[in-house]
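Some notes on the structure that comes next.
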Amino acid sequence: MSASHAARHALDSPPSPQWGRRVAHAFSRAAGDYARLAAAQLAMGEVLWERLPPPATPLGTPWRVLDLGCGPGHWSERLAERFGDDATVIGLDLAPGMLAAARHDHGSDPRLRWVCADAAALPLADVSLDLAFSNLAIQWCPDLSRVLSELHRVLRPGGRALINTLAPGTLAEVGHAWSRPGAPAALLPLLGREQHLAAARLAGFRRVSVERQTRRFHYPDLAAVMASIKGVGAQTARPGARLTRADLARARRRFDALREPEGLPVSYRLLTLDLTRD
C-alpha cells in the first residue's frame with residue numbers, strides 16, 4: 001500500500017473481529033521506523049513521565065511495573081532505570097514486531113521482560129503490580145472497560161495506572177485534508193473524557209483523574225505529516241480503491257491552506273488518566 005493510500009485511512013475504524021490482528025500487523029511493520037518518527041508520541045509521553053511516583057516504594061520492596069503498549073521499549077528502559085536495579089518492568093505489546101525491536105535494543109537488561117498479549121486479557125497475576133504506565137496505546141483497544149478492569153485486577157492496593165490516550169478531535173487537520181464531498185476521512189472513533197471517567201469508575205477505581213490538553217506539532221509538508229503517522233504504525237490497510245493523483249493534489253491543497261509559520265499543524269487531543277486502586 002502506498003503512503004498516500006494509507007494516509008486517508010490513517011486512523012481507520014475497527015470494522016471486524018480481525019481488528020486486533022490488523023493493528024498488530026500495522027505496528028509490527030512500523031517497528032523499524034518508530035524511534036525515528038515518533039517525536040510527537042515521545043513528547044506526549046513526557047507529560048505522563050512527570051506524574052511518576054518517586055523511586056522508593058513505601059514498603060521498600062522492589063517495583064513491579066507494566067509498560068502497556070510498550071512498542072520498541074523506549075519507556076520500558078527508562079522505567080527500569082528510574083526504579084532501580086531490583087525493579088521488574090514488563091513491556092507488553094500486541095505487535096510481535098515491536099517486541100522484536102525491543103528485545104534487539106534492550107534485551108540485555110535483566111530487569112526487562114517482554115510479553116506479547118492483548119491489553120484486554122493480561123497474562124498477569126491478580127494484585128501483582130505497583131504501577132501501570134501506558135503512553136498512547138489504549139485508544140487502539142475496542143473495549144475500554146475491559147482494559148481498565150484488567151489494570152484494576154493486576155494492580156495492588158495503592159497501585160496506580162498512568163495512561164495517555166487520545167480524544168475526539170485528534171488529527172482533525174488530517175481528516176480535513178483527506179475528506180471529500182460526501183466521503184469524510186475514516187478516523188478511529190475516540191472516546192471523550194466523560195466516557196473514560198465512567199469506564200475507570202466502573203472498573204473499580206475510586207481515585208480517578210482525567211485531564212485534557214491539546215498538543216500541536218508542525219511538519220514541513222504532507223509527506224512528513226503522513227510519515228509521522230504511518231511510520232509509528234497508526235494506520236491499518238483496508239480494501240478499497242487507490243487514491244488518484246488528483247486526490248493527493250487536493251489533499252495537499254487543503255492541508256496547505258492550514259499552514260502556519262511553523263509548518264503544517266497536526267493536533268492531538270490528549271487525555272491523561274491517573275487512576276489509583278484503593
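Quick note on naming: the chains in the C-alpha cells go A, B, ... in the order shown, residues restart at 1 in each chain, and ligands are numbered from 1 in order of appearance.
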
Stretch 127-170 of chain A near stretch 59-67 of chain A within 6 Å: what's each residue's closest atom pair and its distance in Å to one decimal, counting only C-alpha atoms, ordered by chain then ascending residue number, as CSV?
residue,atom,partner,partner_atom,distance
A:Leu129,CA,A:Arg64,CA,5.1
A:Asp130,CA,A:Arg64,CA,5.5
A:Leu131,CA,A:Val65,CA,4.9
A:Ala132,CA,A:Leu66,CA,4.6
A:Phe133,CA,A:Asp67,CA,4.9
A:Ser134,CA,A:Asp67,CA,5.7

Leaving out A:Asn135 and any residue of its chain fewer than 6 positions from it, which residues lie within 12 Å of it when counting only C-alpha atoms, given as number ranges by chain? A: 38, 40-49, 66-71, 73-76, 91-93, 161-166, 270-273

Write to file, as an mmCIF file, in the first residue's frame, the residues of the selection just made, with N, CA and C atoms.
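In the end it all went to again-v6.cif:
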data_model
loop_
_atom_site.group_PDB
_atom_site.id
_atom_site.type_symbol
_atom_site.label_atom_id
_atom_site.label_comp_id
_atom_site.auth_asym_id
_atom_site.auth_seq_id
_atom_site.Cartn_x
_atom_site.Cartn_y
_atom_site.Cartn_z
ATOM 1 N N ALA A 38 8.718 8.994 15.887
ATOM 2 C CA ALA A 38 7.766 9.108 16.992
ATOM 3 C C ALA A 38 7.989 10.340 17.857
ATOM 4 N N ALA A 40 6.366 13.143 18.185
ATOM 5 C CA ALA A 40 5.151 13.619 18.851
ATOM 6 C C ALA A 40 4.746 12.676 19.973
ATOM 7 N N GLN A 41 4.820 11.386 19.721
ATOM 8 C CA GLN A 41 4.443 10.407 20.740
ATOM 9 C C GLN A 41 5.362 10.482 21.952
ATOM 10 N N LEU A 42 6.639 10.653 21.714
ATOM 11 C CA LEU A 42 7.586 10.757 22.826
ATOM 12 C C LEU A 42 7.367 12.052 23.610
ATOM 13 N N ALA A 43 7.076 13.136 22.917
ATOM 14 C CA ALA A 43 6.820 14.399 23.612
ATOM 15 C C ALA A 43 5.588 14.286 24.506
ATOM 16 N N MET A 44 4.553 13.632 24.025
ATOM 17 C CA MET A 44 3.356 13.470 24.852
ATOM 18 C C MET A 44 3.626 12.514 26.020
ATOM 19 N N GLY A 45 4.511 11.557 25.822
ATOM 20 C CA GLY A 45 4.873 10.661 26.905
ATOM 21 C C GLY A 45 5.542 11.365 28.069
ATOM 22 N N GLU A 46 6.219 12.454 27.786
ATOM 23 C CA GLU A 46 6.862 13.196 28.877
ATOM 24 C C GLU A 46 5.822 13.779 29.841
ATOM 25 N N VAL A 47 4.630 14.085 29.328
ATOM 26 C CA VAL A 47 3.545 14.546 30.201
ATOM 27 C C VAL A 47 3.222 13.470 31.237
ATOM 28 N N LEU A 48 3.219 12.236 30.800
ATOM 29 C CA LEU A 48 2.941 11.117 31.692
ATOM 30 C C LEU A 48 4.104 10.871 32.643
ATOM 31 N N TRP A 49 5.319 10.988 32.128
ATOM 32 C CA TRP A 49 6.521 10.735 32.930
ATOM 33 C C TRP A 49 6.587 11.646 34.150
ATOM 34 N N LEU A 66 4.310 -2.336 34.814
ATOM 35 C CA LEU A 66 3.852 -2.729 33.485
ATOM 36 C C LEU A 66 3.927 -1.536 32.550
ATOM 37 N N ASP A 67 4.593 -1.710 31.405
ATOM 38 C CA ASP A 67 4.561 -0.735 30.319
ATOM 39 C C ASP A 67 3.607 -1.291 29.270
ATOM 40 N N LEU A 68 2.374 -0.816 29.293
ATOM 41 C CA LEU A 68 1.310 -1.361 28.460
ATOM 42 C C LEU A 68 1.328 -0.686 27.086
ATOM 43 N N GLY A 69 1.517 -1.497 26.042
ATOM 44 C CA GLY A 69 1.707 -0.946 24.710
ATOM 45 C C GLY A 69 3.105 -0.392 24.580
ATOM 46 N N CYS A 70 4.091 -1.207 24.926
ATOM 47 C CA CYS A 70 5.470 -0.734 25.103
ATOM 48 C C CYS A 70 6.177 -0.381 23.806
ATOM 49 N N GLY A 71 5.663 -0.839 22.652
ATOM 50 C CA GLY A 71 6.358 -0.563 21.402
ATOM 51 C C GLY A 71 7.772 -1.106 21.430
ATOM 52 N N GLY A 73 10.195 -0.320 23.267
ATOM 53 C CA GLY A 73 10.798 -0.391 24.585
ATOM 54 C C GLY A 73 11.428 0.867 25.132
ATOM 55 N N HIS A 74 11.185 2.015 24.506
ATOM 56 C CA HIS A 74 11.781 3.263 24.980
ATOM 57 C C HIS A 74 11.421 3.537 26.444
ATOM 58 N N TRP A 75 10.108 3.491 26.757
ATOM 59 C CA TRP A 75 9.676 3.818 28.116
ATOM 60 C C TRP A 75 10.006 2.681 29.076
ATOM 61 N N SER A 76 9.984 1.451 28.606
ATOM 62 C CA SER A 76 10.341 0.316 29.474
ATOM 63 C C SER A 76 11.751 0.486 30.025
ATOM 64 N N GLY A 91 7.337 -5.173 29.628
ATOM 65 C CA GLY A 91 6.944 -4.487 28.410
ATOM 66 C C GLY A 91 5.976 -5.368 27.637
ATOM 67 N N LEU A 92 4.736 -4.928 27.535
ATOM 68 C CA LEU A 92 3.692 -5.743 26.909
ATOM 69 C C LEU A 92 3.161 -5.037 25.679
ATOM 70 N N ASP A 93 3.049 -5.786 24.584
ATOM 71 C CA ASP A 93 2.554 -5.208 23.342
ATOM 72 C C ASP A 93 1.852 -6.287 22.535
ATOM 73 N N ALA A 161 -2.353 3.474 37.841
ATOM 74 C CA ALA A 161 -2.290 3.369 36.386
ATOM 75 C C ALA A 161 -2.175 4.774 35.827
ATOM 76 N N LEU A 162 -1.102 5.039 35.111
ATOM 77 C CA LEU A 162 -0.868 6.325 34.455
ATOM 78 C C LEU A 162 -0.964 6.083 32.952
ATOM 79 N N ILE A 163 -1.916 6.758 32.315
ATOM 80 C CA ILE A 163 -2.269 6.431 30.937
ATOM 81 C C ILE A 163 -2.433 7.703 30.127
ATOM 82 N N ASN A 164 -1.805 7.736 28.966
ATOM 83 C CA ASN A 164 -2.109 8.728 27.943
ATOM 84 C C ASN A 164 -2.930 8.072 26.853
ATOM 85 N N THR A 165 -4.001 8.723 26.450
ATOM 86 C CA THR A 165 -4.781 8.258 25.319
ATOM 87 C C THR A 165 -5.299 9.473 24.557
ATOM 88 N N LEU A 166 -6.083 9.234 23.519
ATOM 89 C CA LEU A 166 -6.497 10.314 22.628
ATOM 90 C C LEU A 166 -8.008 10.464 22.611
ATOM 91 N N LEU A 270 -5.153 15.197 23.857
ATOM 92 C CA LEU A 270 -4.540 14.259 24.786
ATOM 93 C C LEU A 270 -5.349 14.160 26.071
ATOM 94 N N LEU A 271 -5.653 12.936 26.488
ATOM 95 C CA LEU A 271 -6.232 12.661 27.807
ATOM 96 C C LEU A 271 -5.184 11.954 28.651
ATOM 97 N N THR A 272 -4.966 12.446 29.849
ATOM 98 C CA THR A 272 -4.036 11.809 30.789
ATOM 99 C C THR A 272 -4.832 11.298 31.972
ATOM 100 N N LEU A 273 -4.852 9.977 32.137
ATOM 101 C CA LEU A 273 -5.579 9.317 33.208
ATOM 102 C C LEU A 273 -4.613 8.988 34.337
#

Please report the interatomic distance between atom CA of A:Ala102 and atom CA of A:His218 in Å with one decimal.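 Taking atom CA of A:Ala102 and atom CA of A:His218, their separation equals 27.9 Å.
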
Would you kindly return, as a VMD selection string, each protein, DNA or RNA residue with an atom no farther than 10 Å from any atom of A:Ala121, considering only C-alpha atoms and excluding same-chain residues fewer than 5 positions away? chain A and resid 146 to 147 149 to 151

Backbone-only DSSP, helix (DSSP H, G or I) members of stretch 27-105 of chain A, as a VMD selection string: chain A and resid 27 to 29 31 to 37 39 to 49 74 to 83 96 to 105

Can you tell me, as a list in words, what residues are no more than 10 Å from A:Arg277 when counting only C-alpha atoms, ignoring any on the same chain fewer than 4 positions away? Val127, Asp130, Leu151, His152, Arg153, Val154, Leu155, Arg156, Pro157, Gly158, Gly159, Arg160, Ala161, Ala203, Gly204, Phe205, Arg206, Arg207 and Val208 of chain A

Quick one: which stretch 129-182 of chain A residues come within 12 Å of stretch 23-28 of chain A, and what is the nearest atom pair for each with the distance in Å to one decimal, counting only C-alpha atoms, rows ordered by chain and ascending number, as a tab-separated table?
residue	atom	partner	partner_atom	distance
A:Ala137	CA	A:Val23	CA	10.9
A:Ile138	CA	A:Val23	CA	11.9
A:Gln139	CA	A:Val23	CA	11.3
A:Trp140	CA	A:Val23	CA	7.7
A:Cys141	CA	A:Val23	CA	9.5
A:Pro142	CA	A:Val23	CA	11.1

For the contact check between stretch 138-251 of chain A and stretch 255-262 of chain A, emit one row per residue of stretch 138-251 of chain A within 9 Å, containing the shortest atom pair and the distance in Å rounded to one decimal, counting only C-alpha atoms, chain then rising number order, as CSV.
residue,atom,partner,partner_atom,distance
A:Glu173,CA,A:Phe255,CA,7.0
A:Val174,CA,A:Phe255,CA,7.5
A:His176,CA,A:Phe255,CA,7.5
A:Ala177,CA,A:Phe255,CA,5.1
A:Trp178,CA,A:Phe255,CA,8.6
A:Phe217,CA,A:Glu262,CA,8.9
A:His218,CA,A:Glu262,CA,6.1
A:Tyr219,CA,A:Glu262,CA,7.7
A:Pro220,CA,A:Glu262,CA,8.1
A:Asp221,CA,A:Asp256,CA,8.0
A:Leu222,CA,A:Phe255,CA,7.3
A:Arg250,CA,A:Phe255,CA,8.6
A:Ala251,CA,A:Phe255,CA,6.1

At what distance in Å, to one decimal, does atom CA of A:Leu99 lie from atom CA of A:Ala167?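 Distance reported for this atom pair: 26.4 Å.
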
Close residues, A:Ser145 itself excluded, 9 Å, only C-alpha atoms, min 6 positions apart in chain, as a list in words: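 Close residues of A:Ser145: Ala120, His196, Ala198, Ala199, Ala200, Leu202 and Ala203 of chain A.
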
Would you save the residues from that selection as a compact mmCIF listing (two decimals), in the first residue's frame, using N, CA and C atoms?
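Wrote it out as out.txt, contents follow:
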# COMPACT_ATOMS: atom_id res chain seq x y z
N ALA A 120 -6.62 -6.30 26.87
CA ALA A 120 -7.90 -6.68 27.46
C ALA A 120 -7.87 -8.07 28.08
N HIS A 196 -14.17 8.07 29.62
CA HIS A 196 -13.03 7.47 30.33
C HIS A 196 -13.25 7.51 31.84
N ALA A 198 -16.14 7.41 33.38
CA ALA A 198 -17.15 6.40 33.70
C ALA A 198 -16.56 5.00 33.64
N ALA A 199 -15.74 4.73 32.63
CA ALA A 199 -15.14 3.39 32.50
C ALA A 199 -14.18 3.10 33.64
N ALA A 200 -13.43 4.10 34.08
CA ALA A 200 -12.50 3.90 35.19
C ALA A 200 -13.25 3.59 36.48
N LEU A 202 -16.30 2.33 36.70
CA LEU A 202 -16.93 1.03 36.53
C LEU A 202 -15.92 -0.10 36.76
N ALA A 203 -14.67 0.14 36.39
CA ALA A 203 -13.63 -0.87 36.58
C ALA A 203 -13.27 -1.07 38.04

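Here atom CA of A:Leu124 stands at a distance of 19.9 Å from atom CA of A:Glu77.
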